[in-house]
$ cat start.pdb   # PDB, C-alpha atoms and all ligand atoms
ATOM      1  CA  MET A 411     -72.499  47.853 -69.615
ATOM      2  CA  THR A 412     -75.128  46.784 -67.135
ATOM      3  CA  THR A 413     -77.466  49.689 -67.406
ATOM      4  CA  VAL A 414     -80.317  50.856 -65.331
ATOM      5  CA  SER A 415     -82.851  51.040 -68.074
ATOM      6  CA  VAL A 416     -84.410  54.434 -68.290
ATOM      7  CA  ASN A 417     -86.788  55.796 -70.862
ATOM      8  CA  GLY A 418     -85.552  57.317 -74.044
ATOM      9  CA  PRO A 419     -84.787  61.004 -74.436
ATOM     10  CA  GLY A 420     -88.317  61.887 -75.410
ATOM     11  CA  ALA A 421     -89.893  60.214 -72.424
ATOM     12  CA  THR A 422     -92.112  62.247 -70.216
ATOM     13  CA  SER A 423     -92.226  61.901 -66.487
ATOM     14  CA  SER A 424     -94.366  63.744 -64.042
ATOM     15  CA  THR A 425     -92.839  65.304 -60.975
ATOM     16  CA  LYS A 426     -94.345  62.974 -58.429
ATOM     17  CA  GLY A 427     -94.836  59.668 -60.071
ATOM     18  CA  PRO A 428     -96.161  57.301 -61.144
ATOM     19  CA  GLN A 429     -94.598  55.628 -58.149
ATOM     20  CA  PRO A 430     -93.574  52.015 -58.437
ATOM     21  CA  GLU A 431     -95.095  49.668 -55.951
ATOM     22  CA  GLY A 432     -93.418  49.971 -52.589
ATOM     23  CA  ALA A 433     -92.021  53.424 -53.378
ATOM     24  CA  ARG A 434     -93.703  54.906 -50.378
ATOM     25  CA  PRO A 435     -91.736  53.988 -47.303
ATOM     26  CA  ALA A 436     -94.065  51.829 -45.279
ATOM     27  CA  ALA A 437     -93.338  51.752 -41.583
ATOM     28  CA  GLU A 438     -92.176  48.162 -41.769
ATOM     29  CA  ALA A 439     -90.179  48.437 -45.025
ATOM     30  CA  THR A 440     -86.457  47.801 -44.784
ATOM     31  CA  PRO A 441     -84.462  50.765 -46.073
ATOM     32  CA  VAL A 442     -82.209  50.038 -49.042
ATOM     33  CA  LEU A 443     -79.525  52.050 -47.286
ATOM     34  CA  GLU A 444     -79.531  53.009 -43.648
ATOM     35  CA  ALA A 445     -77.106  54.822 -41.346
ATOM     36  CA  ARG A 446     -77.409  54.790 -37.588
ATOM     37  CA  GLY A 447     -75.623  57.178 -35.272
ATOM     38  CA  LEU A 448     -72.815  58.258 -37.590
ATOM     39  CA  VAL A 449     -70.139  60.319 -35.851
ATOM     40  CA  LYS A 450     -67.174  61.903 -37.615
ATOM     41  CA  ALA A 451     -64.778  64.445 -36.167
ATOM     42  CA  PHE A 452     -61.877  66.180 -37.887
ATOM     43  CA  GLY A 453     -59.709  67.099 -34.913
ATOM     44  CA  HIS A 454     -61.836  69.594 -33.020
ATOM     45  CA  VAL A 455     -64.224  70.168 -35.920
ATOM     46  CA  VAL A 456     -67.398  68.137 -35.693
ATOM     47  CA  GLY A 457     -68.386  66.853 -39.115
ATOM     48  CA  LEU A 458     -71.192  64.525 -37.979
ATOM     49  CA  ALA A 459     -72.565  64.398 -34.448
ATOM     50  CA  GLY A 460     -74.645  61.218 -34.562
ATOM     51  CA  VAL A 461     -76.649  61.156 -37.791
ATOM     52  CA  ASP A 462     -79.284  58.655 -38.899
ATOM     53  CA  LEU A 463     -80.431  58.312 -42.479
ATOM     54  CA  GLN A 464     -82.884  56.023 -44.218
ATOM     55  CA  LEU A 465     -83.205  55.652 -47.965
ATOM     56  CA  TYR A 466     -86.122  53.574 -49.213
ATOM     57  CA  GLN A 467     -86.685  51.711 -52.467
ATOM     58  CA  GLY A 468     -87.792  53.949 -55.317
ATOM     59  CA  GLU A 469     -87.544  57.297 -53.573
ATOM     60  CA  VAL A 470     -85.508  60.432 -54.045
ATOM     61  CA  LEU A 471     -84.166  61.607 -50.703
ATOM     62  CA  GLY A 472     -83.093  65.246 -50.768
ATOM     63  CA  LEU A 473     -80.321  66.309 -48.412
ATOM     64  CA  ILE A 474     -80.112  70.003 -47.603
ATOM     65  CA  GLY A 475     -78.237  72.192 -45.135
ATOM     66  CA  ASP A 476     -76.012  75.222 -44.954
ATOM     67  CA  ASN A 477     -72.346  75.207 -45.940
ATOM     68  CA  GLY A 478     -70.470  73.030 -43.492
ATOM     69  CA  ALA A 479     -73.628  71.317 -42.167
ATOM     70  CA  GLY A 480     -72.085  67.918 -42.830
ATOM     71  CA  LYS A 481     -73.796  66.831 -46.043
ATOM     72  CA  SER A 482     -70.667  65.812 -47.943
ATOM     73  CA  THR A 483     -69.179  64.229 -44.824
ATOM     74  CA  LEU A 484     -72.351  62.162 -44.431
ATOM     75  CA  ILE A 485     -72.168  61.005 -48.045
ATOM     76  CA  LYS A 486     -68.490  60.171 -47.737
ATOM     77  CA  CYS A 487     -69.160  58.099 -44.623
ATOM     78  CA  LEU A 488     -71.995  56.291 -46.440
ATOM     79  CA  THR A 489     -69.809  55.419 -49.406
ATOM     80  CA  GLY A 490     -66.453  54.561 -47.888
ATOM     81  CA  ALA A 491     -64.620  57.749 -48.878
ATOM     82  CA  LEU A 492     -64.326  58.462 -45.135
ATOM     83  CA  GLN A 493     -64.430  56.095 -42.187
ATOM     84  CA  PRO A 494     -66.929  57.179 -39.507
ATOM     85  CA  ASP A 495     -65.592  57.252 -35.931
ATOM     86  CA  ARG A 496     -68.802  55.625 -34.741
ATOM     87  CA  GLY A 497     -72.080  54.387 -36.167
ATOM     88  CA  GLU A 498     -73.386  51.626 -38.381
ATOM     89  CA  LEU A 499     -74.351  51.171 -42.010
ATOM     90  CA  TYR A 500     -76.886  48.737 -43.410
ATOM     91  CA  LEU A 501     -77.396  47.873 -47.066
ATOM     92  CA  GLU A 502     -80.702  46.074 -47.680
ATOM     93  CA  GLY A 503     -80.831  45.296 -43.982
ATOM     94  CA  ARG A 504     -77.367  43.777 -43.809
ATOM     95  CA  ARG A 505     -74.587  45.402 -41.799
ATOM     96  CA  VAL A 506     -71.830  46.672 -44.085
ATOM     97  CA  SER A 507     -68.668  48.707 -43.759
ATOM     98  CA  PHE A 508     -66.902  50.204 -46.730
ATOM     99  CA  ARG A 509     -63.167  50.771 -46.550
ATOM    100  CA  SER A 510     -63.024  52.686 -49.819
ATOM    101  CA  PRO A 511     -65.311  54.166 -52.481
ATOM    102  CA  LEU A 512     -64.511  51.094 -54.585
ATOM    103  CA  ASP A 513     -65.997  48.888 -51.849
ATOM    104  CA  SER A 514     -69.305  50.728 -52.016
ATOM    105  CA  ARG A 515     -69.292  50.701 -55.816
ATOM    106  CA  LEU A 516     -68.835  46.953 -55.808
ATOM    107  CA  ALA A 517     -71.798  46.742 -53.440
ATOM    108  CA  GLY A 518     -73.973  48.672 -55.947
ATOM    109  CA  ILE A 519     -73.710  52.280 -54.729
ATOM    110  CA  GLU A 520     -72.616  54.786 -57.377
ATOM    111  CA  THR A 521     -71.614  58.224 -56.156
ATOM    112  CA  VAL A 522     -70.863  61.511 -57.842
ATOM    113  CA  TYR A 523     -68.814  63.438 -55.306
ATOM    114  CA  GLN A 524     -68.972  67.206 -55.013
ATOM    115  CA  THR A 525     -65.348  67.506 -56.030
ATOM    116  CA  LEU A 526     -65.751  65.842 -59.335
ATOM    117  CA  ALA A 527     -63.833  62.686 -60.046
ATOM    118  CA  VAL A 528     -63.421  62.517 -63.780
ATOM    119  CA  SER A 529     -60.039  62.091 -65.423
ATOM    120  CA  PRO A 530     -59.401  65.099 -67.672
ATOM    121  CA  ALA A 531     -56.719  63.363 -69.711
ATOM    122  CA  LEU A 532     -59.082  60.582 -70.795
ATOM    123  CA  ASP A 533     -61.899  60.758 -73.301
ATOM    124  CA  ILE A 534     -65.609  60.563 -72.406
ATOM    125  CA  ALA A 535     -65.963  56.845 -73.104
ATOM    126  CA  SER A 536     -62.848  55.962 -71.086
ATOM    127  CA  ASN A 537     -64.213  57.980 -68.183
ATOM    128  CA  MET A 538     -67.530  56.188 -68.424
ATOM    129  CA  PHE A 539     -65.789  52.816 -68.219
ATOM    130  CA  LEU A 540     -63.059  53.769 -65.750
ATOM    131  CA  GLY A 541     -62.323  50.680 -63.668
ATOM    132  CA  ARG A 542     -64.697  48.586 -65.794
ATOM    133  CA  GLU A 543     -62.943  48.746 -69.146
ATOM    134  CA  ILE A 544     -64.035  46.521 -71.996
ATOM    135  CA  ARG A 545     -61.150  44.513 -73.512
ATOM    136  CA  VAL A 546     -61.005  43.275 -77.068
ATOM    137  CA  LYS A 547     -62.002  39.648 -77.511
ATOM    138  CA  GLY A 548     -59.411  36.902 -77.628
ATOM    139  CA  PHE A 549     -55.681  36.781 -77.017
ATOM    140  CA  MET A 550     -55.043  40.544 -77.390
ATOM    141  CA  GLY A 551     -57.612  41.316 -74.763
ATOM    142  CA  THR A 552     -56.953  38.586 -72.246
ATOM    143  CA  VAL A 553     -53.156  38.562 -72.437
ATOM    144  CA  PHE A 554     -52.227  42.093 -73.547
ATOM    145  CA  ARG A 555     -55.294  43.714 -71.910
ATOM    146  CA  LYS A 556     -55.964  45.679 -75.101
ATOM    147  CA  LEU A 557     -58.946  47.993 -74.660
ATOM    148  CA  ASP A 558     -61.928  47.843 -76.975
ATOM    149  CA  HIS A 559     -62.330  51.601 -77.505
ATOM    150  CA  ARG A 560     -64.875  51.116 -80.262
ATOM    151  CA  ALA A 561     -67.218  49.109 -78.075
ATOM    152  CA  MET A 562     -66.836  51.514 -75.175
ATOM    153  CA  ARG A 563     -67.542  54.562 -77.351
ATOM    154  CA  LYS A 564     -70.559  52.890 -78.881
ATOM    155  CA  GLN A 565     -72.036  51.945 -75.500
ATOM    156  CA  ALA A 566     -71.179  55.327 -73.975
ATOM    157  CA  GLY A 567     -72.958  57.061 -76.849
ATOM    158  CA  GLU A 568     -75.999  54.828 -76.376
ATOM    159  CA  GLN A 569     -76.061  55.619 -72.674
ATOM    160  CA  MET A 570     -75.897  59.376 -73.352
ATOM    161  CA  SER A 571     -78.813  59.246 -75.732
ATOM    162  CA  ARG A 572     -80.818  57.075 -73.332
ATOM    163  CA  LEU A 573     -80.268  59.756 -70.725
ATOM    164  CA  GLY A 574     -81.137  62.536 -73.148
ATOM    165  CA  ILE A 575     -77.728  64.185 -72.831
ATOM    166  CA  ALA A 576     -77.476  65.752 -76.256
ATOM    167  CA  THR A 577     -74.629  68.127 -75.469
ATOM    168  CA  LEU A 578     -72.046  65.329 -75.629
ATOM    169  CA  GLN A 579     -71.649  64.115 -79.183
ATOM    170  CA  ASP A 580     -68.182  62.660 -79.652
ATOM    171  CA  MET A 581     -67.390  59.988 -77.068
ATOM    172  CA  GLY A 582     -63.723  60.204 -78.112
ATOM    173  CA  GLN A 583     -63.509  63.836 -76.963
ATOM    174  CA  HIS A 584     -61.094  64.406 -74.110
ATOM    175  CA  VAL A 585     -62.792  65.465 -70.903
ATOM    176  CA  GLU A 586     -60.309  68.324 -70.356
ATOM    177  CA  THR A 587     -61.819  70.040 -73.382
ATOM    178  CA  LEU A 588     -65.388  69.834 -72.004
ATOM    179  CA  SER A 589     -67.210  72.592 -70.130
ATOM    180  CA  GLY A 590     -67.733  72.192 -66.367
ATOM    181  CA  GLY A 591     -71.351  71.277 -66.916
ATOM    182  CA  GLN A 592     -70.506  68.719 -69.572
ATOM    183  CA  ARG A 593     -67.971  67.095 -67.240
ATOM    184  CA  GLN A 594     -70.672  66.861 -64.604
ATOM    185  CA  ALA A 595     -72.956  65.249 -67.156
ATOM    186  CA  VAL A 596     -70.304  62.560 -67.811
ATOM    187  CA  ALA A 597     -70.042  61.808 -64.080
ATOM    188  CA  VAL A 598     -73.817  61.625 -63.622
ATOM    189  CA  ALA A 599     -74.219  59.451 -66.713
ATOM    190  CA  ARG A 600     -71.603  57.062 -65.377
ATOM    191  CA  ALA A 601     -73.355  56.803 -62.015
ATOM    192  CA  ALA A 602     -76.706  56.189 -63.695
ATOM    193  CA  ALA A 603     -75.177  53.552 -65.957
ATOM    194  CA  PHE A 604     -73.573  51.453 -63.260
ATOM    195  CA  GLY A 605     -75.442  52.054 -60.011
ATOM    196  CA  SER A 606     -77.348  48.898 -59.255
ATOM    197  CA  LYS A 607     -78.812  49.659 -55.817
ATOM    198  CA  VAL A 608     -78.307  53.302 -54.893
ATOM    199  CA  ILE A 609     -77.216  56.483 -56.661
ATOM    200  CA  VAL A 610     -75.766  59.371 -54.673
ATOM    201  CA  LEU A 611     -75.389  62.802 -56.254
ATOM    202  CA  ASP A 612     -73.605  65.574 -54.311
ATOM    203  CA  GLU A 613     -74.508  68.911 -55.938
ATOM    204  CA  PRO A 614     -75.013  67.483 -59.434
ATOM    205  CA  THR A 615     -76.510  70.682 -60.834
ATOM    206  CA  ALA A 616     -74.195  73.226 -59.182
ATOM    207  CA  ALA A 617     -72.080  73.781 -62.289
ATOM    208  CA  LEU A 618     -74.846  73.292 -64.809
ATOM    209  CA  GLY A 619     -76.832  75.641 -66.988
ATOM    210  CA  VAL A 620     -80.632  75.676 -66.933
ATOM    211  CA  ARG A 621     -81.031  73.155 -69.738
ATOM    212  CA  GLU A 622     -78.459  70.723 -68.380
ATOM    213  CA  SER A 623     -79.836  71.056 -64.828
ATOM    214  CA  ASN A 624     -83.280  70.149 -66.065
ATOM    215  CA  GLN A 625     -81.858  67.128 -67.844
ATOM    216  CA  VAL A 626     -80.189  65.920 -64.661
ATOM    217  CA  LEU A 627     -83.381  66.459 -62.633
ATOM    218  CA  ASP A 628     -85.367  64.642 -65.271
ATOM    219  CA  LEU A 629     -82.883  61.793 -65.116
ATOM    220  CA  VAL A 630     -83.206  61.632 -61.332
ATOM    221  CA  ARG A 631     -86.990  61.357 -61.720
ATOM    222  CA  ARG A 632     -86.707  58.656 -64.333
ATOM    223  CA  LEU A 633     -84.328  56.648 -62.154
ATOM    224  CA  ARG A 634     -86.771  56.948 -59.256
ATOM    225  CA  ASP A 635     -89.711  55.959 -61.431
ATOM    226  CA  HIS A 636     -87.806  52.824 -62.393
ATOM    227  CA  GLY A 637     -87.358  51.900 -58.751
ATOM    228  CA  MET A 638     -83.805  53.193 -58.245
ATOM    229  CA  PRO A 639     -83.384  55.157 -55.012
ATOM    230  CA  VAL A 640     -81.393  58.379 -55.257
ATOM    231  CA  ILE A 641     -79.839  60.639 -52.626
ATOM    232  CA  LEU A 642     -79.686  64.168 -53.991
ATOM    233  CA  ILE A 643     -77.702  66.903 -52.258
ATOM    234  CA  SER A 644     -78.267  70.425 -53.483
ATOM    235  CA  HIS A 645     -78.244  74.018 -52.344
ATOM    236  CA  ASN A 646     -80.868  74.692 -54.950
ATOM    237  CA  MET A 647     -84.074  74.398 -52.924
ATOM    238  CA  PRO A 648     -86.450  74.532 -55.907
ATOM    239  CA  HIS A 649     -84.513  71.657 -57.483
ATOM    240  CA  VAL A 650     -84.710  69.583 -54.321
ATOM    241  CA  PHE A 651     -88.371  70.342 -53.746
ATOM    242  CA  GLU A 652     -89.167  69.559 -57.357
ATOM    243  CA  VAL A 653     -87.848  66.008 -57.338
ATOM    244  CA  ALA A 654     -87.469  64.758 -53.752
ATOM    245  CA  ASP A 655     -90.066  62.577 -52.038
ATOM    246  CA  ARG A 656     -88.546  63.316 -48.629
ATOM    247  CA  VAL A 657     -85.968  65.890 -47.604
ATOM    248  CA  GLN A 658     -83.512  65.424 -44.753
ATOM    249  CA  ILE A 659     -82.358  68.703 -43.245
ATOM    250  CA  GLN A 660     -78.818  68.785 -41.840
ATOM    251  CA  ARG A 661     -77.791  71.446 -39.366
ATOM    252  CA  LEU A 662     -74.477  71.714 -37.515
ATOM    253  CA  GLY A 663     -73.576  68.067 -38.023
ATOM    254  CA  ARG A 664     -76.991  66.788 -36.967
ATOM    255  CA  CYS A 665     -80.229  65.854 -38.662
ATOM    256  CA  ALA A 666     -82.646  68.663 -37.816
ATOM    257  CA  GLY A 667     -85.617  66.871 -39.333
ATOM    258  CA  VAL A 668     -87.050  65.045 -42.335
ATOM    259  CA  VAL A 669     -89.900  66.662 -44.259
ATOM    260  CA  ARG A 670     -92.046  65.846 -47.271
ATOM    261  CA  PRO A 671     -92.217  68.526 -49.971
ATOM    262  CA  ALA A 672     -95.836  67.497 -50.495
ATOM    263  CA  GLU A 673     -96.630  68.635 -46.950
ATOM    264  CA  THR A 674     -93.977  71.211 -46.107
ATOM    265  CA  SER A 675     -93.122  74.505 -47.774
ATOM    266  CA  MET A 676     -89.634  75.515 -48.828
ATOM    267  CA  GLU A 677     -89.820  78.430 -46.380
ATOM    268  CA  GLU A 678     -90.423  76.057 -43.473
ATOM    269  CA  ALA A 679     -87.529  73.851 -44.555
ATOM    270  CA  VAL A 680     -85.221  76.872 -44.746
ATOM    271  CA  ALA A 681     -86.360  77.936 -41.275
ATOM    272  CA  VAL A 682     -85.400  74.504 -39.931
ATOM    273  CA  MET A 683     -82.103  74.657 -41.802
ATOM    274  CA  THR A 684     -81.175  77.974 -40.232
ATOM    275  CA  GLY A 685     -82.433  77.098 -36.760
ATOM    276  CA  ALA A 686     -85.290  79.630 -36.849
ATOM    277  CA  LYS A 687     -87.724  76.747 -36.479
ATOM    278  CA  VAL A 688     -87.313  73.498 -34.568
ATOM    279  CA  LEU A 689     -89.206  70.402 -35.661
TER     280      LEU A 689
HETATM  281  N1  LIG A 701     -61.039  66.722 -44.296
HETATM  282  C1  LIG A 701     -61.503  67.614 -43.417
HETATM  283  N2  LIG A 701     -60.699  68.128 -42.474
HETATM  284  C2  LIG A 701     -61.157  69.006 -41.552
HETATM  285  N3  LIG A 701     -62.435  69.426 -41.502
HETATM  286  C3  LIG A 701     -63.295  68.953 -42.417
HETATM  287  C4  LIG A 701     -62.877  68.013 -43.413
HETATM  288  N4  LIG A 701     -63.947  67.708 -44.189
HETATM  289  C5  LIG A 701     -64.981  68.422 -43.698
HETATM  290  N5  LIG A 701     -64.590  69.170 -42.644
HETATM  291  C6  LIG A 701     -65.452  70.037 -41.826
HETATM  292  O1  LIG A 701     -66.614  69.324 -41.470
HETATM  293  C7  LIG A 701     -67.758  70.145 -41.559
HETATM  294  C8  LIG A 701     -68.758  69.548 -42.528
HETATM  295  O2  LIG A 701     -68.236  69.700 -43.843
HETATM  296  P1  LIG A 701     -68.991  69.174 -45.136
HETATM  297  O3  LIG A 701     -68.064  69.251 -46.276
HETATM  298  O4  LIG A 701     -69.597  67.841 -44.849
HETATM  299  O5  LIG A 701     -70.160  70.244 -45.279
HETATM  300  P2  LIG A 701     -71.294  70.363 -46.406
HETATM  301  O6  LIG A 701     -72.606  70.323 -45.692
HETATM  302  O7  LIG A 701     -71.076  69.394 -47.474
HETATM  303  O8  LIG A 701     -71.042  71.855 -46.926
HETATM  304  P3  LIG A 701     -71.203  72.472 -48.419
HETATM  305  O9  LIG A 701     -72.637  72.802 -48.543
HETATM  306  O10 LIG A 701     -70.362  73.695 -48.356
HETATM  307  O11 LIG A 701     -70.719  71.487 -49.403
HETATM  308  C9  LIG A 701     -67.253  71.542 -41.946
HETATM  309  O12 LIG A 701     -67.091  72.293 -40.780
HETATM  310  C10 LIG A 701     -65.922  71.247 -42.609
HETATM  311  O13 LIG A 701     -65.045  72.341 -42.474
HETATM  312 MG    MG A 702     -70.598  69.541 -49.482
END
$ encode --input "start.pdb" --output "structure tokens"
Amino acid sequence: MTTVSVNGPGATSSTKGPQPEGARPAAEATPVLEARGLVKAFGHVVGLAGVDLQLYQGEVLGLIGDNGAGKSTLIKCLTGALQPDRGELYLEGRRVSFRSPLDSRLAGIETVYQTLAVSPALDIASNMFLGREIRVKGFMGTVFRKLDHRAMRKQAGEQMSRLGIATLQDMGQHVETLSGGQRQAVAVARAAAFGSKVIVLDEPTAALGVRESNQVLDLVRRLRDHGMPVILISHNMPHVFEVADRVQIQRLGRCAGVVRPAETSMEEAVAVMTGAKVL
């Protein structure tokens, strides 16, 4: 497994740093991921009405907005799950277009979608390695494609402990027997393990208890502190304001503004979100 190395479970990380060099978006810095003028309509329903987004190296970008504001549609257009009607995407300054989520994964973007994509019939390790299975060495692996379950379980277990996810013990446990929060933890762990350029999390803490939510937020911080940019969508404003460096506010299919939690209060952000305040 090519892992993003994060600190061990006991590692401490402060809310706002230390920031790796270049974490602060300088005016001239090239965004790791950029969208320009994304438009997406579903018949008469406007999903996105011309949205820009910039994600810079080593930052957490929060994405907030009311139900139906277009957050998930934006993410899907960024990651190939939907094709935008208009607009452009740039990865590290190069124009890209993703025809499927697999395309964006191959390009280094790992996404946990709001409607969770884990396979209930498979065990935790198999879910972790879905699409990237380890085969046994030699003839049995190359010709008969025999899976190396032992290696996958071992590496999956190592990844869980690196991420401090203590609630998952047996990597051979079938995902259908896990709680909603534990399933979410599997999906987030997989994204953190394989994302090489960008990690996108759509409501990663929605189904989680307090302890598990804190673990996911801590993981997001650790990824950021190791230079990995993260897009975090959440309805939980305290969560977003706790970890995000910048917060993009979506309203009615448009970007209503981008604020910095260090300079803007949650109340102001909510006012922009609801249209009570215009930036
Ligand atoms: N496949 C679809 N077909 C028709 N309309 C859609 C489709 N997907 C999204 N929409 C519409 O596009 C708009 C944006 O939806 P989206 O799921 O992006 O909102 P969201 O900001 O993620 O909301 P939530 O906070 O509830 O997750 C909504 O009006 C929604 O009904
Ligand atoms: Mg959504």
$ resolve_selection --input "start.pdb" --expression "the PyMOL selection byres (((not hetatm)) within 10 of (chain A and resi 702))" --output "PDB file with C-alpha atoms, in the frame of the given file"
ATOM      1  CA  ILE A 474     -80.112  70.003 -47.603  1.00  0.00           C
ATOM      2  CA  GLY A 475     -78.237  72.192 -45.135  1.00  0.00           C
ATOM      3  CA  ASP A 476     -76.012  75.222 -44.954  1.00  0.00           C
ATOM      4  CA  ASN A 477     -72.346  75.207 -45.940  1.00  0.00           C
ATOM      5  CA  GLY A 478     -70.470  73.030 -43.492  1.00  0.00           C
ATOM      6  CA  ALA A 479     -73.628  71.317 -42.167  1.00  0.00           C
ATOM      7  CA  GLY A 480     -72.085  67.918 -42.830  1.00  0.00           C
ATOM      8  CA  LYS A 481     -73.796  66.831 -46.043  1.00  0.00           C
ATOM      9  CA  SER A 482     -70.667  65.812 -47.943  1.00  0.00           C
ATOM     10  CA  THR A 483     -69.179  64.229 -44.824  1.00  0.00           C
ATOM     11  CA  LEU A 484     -72.351  62.162 -44.431  1.00  0.00           C
ATOM     12  CA  ILE A 485     -72.168  61.005 -48.045  1.00  0.00           C
ATOM     13  CA  LYS A 486     -68.490  60.171 -47.737  1.00  0.00           C
ATOM     14  CA  TYR A 523     -68.814  63.438 -55.306  1.00  0.00           C
ATOM     15  CA  GLN A 524     -68.972  67.206 -55.013  1.00  0.00           C
ATOM     16  CA  THR A 525     -65.348  67.506 -56.030  1.00  0.00           C
ATOM     17  CA  ASP A 612     -73.605  65.574 -54.311  1.00  0.00           C
ATOM     18  CA  GLU A 613     -74.508  68.911 -55.938  1.00  0.00           C
ATOM     19  CA  ILE A 643     -77.702  66.903 -52.258  1.00  0.00           C
ATOM     20  CA  SER A 644     -78.267  70.425 -53.483  1.00  0.00           C
ATOM     21  CA  HIS A 645     -78.244  74.018 -52.344  1.00  0.00           C
TER      22      HIS A 645
END
$ atom_distance --input "start.pdb" --atom1 "atom CA of Thr587 of chain A" --atom2 "atom CA of Leu573 of chain A"
21.3 Å
$ atom_distance --input "start.pdb" --atom1 "atom CA of Leu578 of chain A" --atom2 "atom CA of Arg545 of chain A"
23.6 Å
$ residues_around --input "start.pdb" --residues "Val522 of chain A" --least-positions-apart "6" --cutoff "9 Å" --atoms "all atoms listed in the file" --output "number ranges by chain"
A: 594, 597-598, 600-601, 609-614
$ residues_around --input "start.pdb" --residues "Met562 of chain A" --least-positions-apart "5" --cutoff "8 Å" --atoms "only C-alpha atoms" --output "PyMOL selection string"
chain A and resi 535-536+539+543-544
$ resolve_selection --input "start.pdb" --expression "the PyMOL selection byres (((chain A and resi 617-627) around 10) and not hetatm)" --output "ChimeraX atom specification"
/A:419,425,573-577,589-595,598-599,613-616,628-633,642,649-650,652-654
$ resolve_selection --input "start.pdb" --expression "the PyMOL selection byres (((chain A and resi 515) around 12) and not hetatm)" --output "JSON, numbers by chain"
{"A": [488, 489, 490, 491, 508, 509, 510, 511, 512, 513, 514, 516, 517, 518, 519, 520, 521, 522, 541, 542, 600, 601, 604, 605, 606, 607, 608, 609, 610]}
$ closest_residue --input "start.pdb" --among "A:Leu532, A:Thr684, A:Val442, A:Leu492" --to "ligand LIG 701 (chain A)" --atoms "all atoms listed in the file"
A:Leu492
$ atom_distance --input "start.pdb" --atom1 "atom CA of Val669 of chain A" --atom2 "atom CA of Arg656 of chain A"
5.7 Å
$ closest_residue --input "start.pdb" --among "A:Gly637, A:Pro648, A:Pro530, A:Gly663" --to "Gln467 of chain A" --atoms "only C-alpha atoms"
A:Gly637
$ axis_aligned_box --input "start.pdb" --around "ligand LIG 701 (chain A)" --padding-each-side "3 Å" --output "JSON"
{"center_x": -66.7, "center_y": 70.2, "center_z": -45.1, "size_x": 17.9, "size_y": 13.0, "size_z": 14.6}
$ residues_around --input "start.pdb" --residues "Leu471 of chain A" --least-positions-apart "2" --cutoff "8 Å" --atoms "all atoms listed in the file" --output "list in words"
Leu465, Glu469, Leu473, Pro639, Val640, Ile641, Leu642, Ala654, Asp655, Arg656, Val657 and Gln658 of chain A
$ residues_around --input "start.pdb" --residues "segment 493-504 of chain A" --least-positions-apart "4" --cutoff "6 Å" --atoms "only C-alpha atoms" --output "list in words"
Val442, Leu443, Glu444, Ala445, Arg446, Gly447, Leu448, Val449, Lys450 and Cys487 of chain A
$ write_last_selection --input "start.pdb" --atoms "C-alpha atoms" --output "short mmCIF file (atom, residue, chain, number, x, y, z; two decimals), in the frame of the given file"
data_model
loop_
_atom_site.label_atom_id
_atom_site.label_comp_id
_atom_site.auth_asym_id
_atom_site.auth_seq_id
_atom_site.Cartn_x
_atom_site.Cartn_y
_atom_site.Cartn_z
CA VAL A 442 -82.21 50.04 -49.04
CA LEU A 443 -79.53 52.05 -47.29
CA GLU A 444 -79.53 53.01 -43.65
CA ALA A 445 -77.11 54.82 -41.35
CA ARG A 446 -77.41 54.79 -37.59
CA GLY A 447 -75.62 57.18 -35.27
CA LEU A 448 -72.82 58.26 -37.59
CA VAL A 449 -70.14 60.32 -35.85
CA LYS A 450 -67.17 61.90 -37.62
CA CYS A 487 -69.16 58.10 -44.62
#
$ closest_residue --input "start.pdb" --among "A:Gln565, A:Ser507, A:Ser571, A:Gln583" --to "Ala531 of chain A" --atoms "all atoms listed in the file"
A:Gln583
$ closest_residue --input "start.pdb" --among "A:Ala681, A:Val546, A:Met581, A:Ile659" --to "ligand LIG 701 (chain A)" --atoms "all atoms listed in the file"
A:Ile659
$ closest_residue --input "start.pdb" --among "A:Arg572, A:Arg560, A:His454, A:Arg634" --to "ligand LIG 701 (chain A)" --atoms "all atoms listed in the file"
A:His454
$ closest_residue --input "start.pdb" --among "A:Ala439, A:Val668, A:Met647, A:Val456" --to "ligand LIG 701 (chain A)" --atoms "all atoms listed in the file"
A:Val456
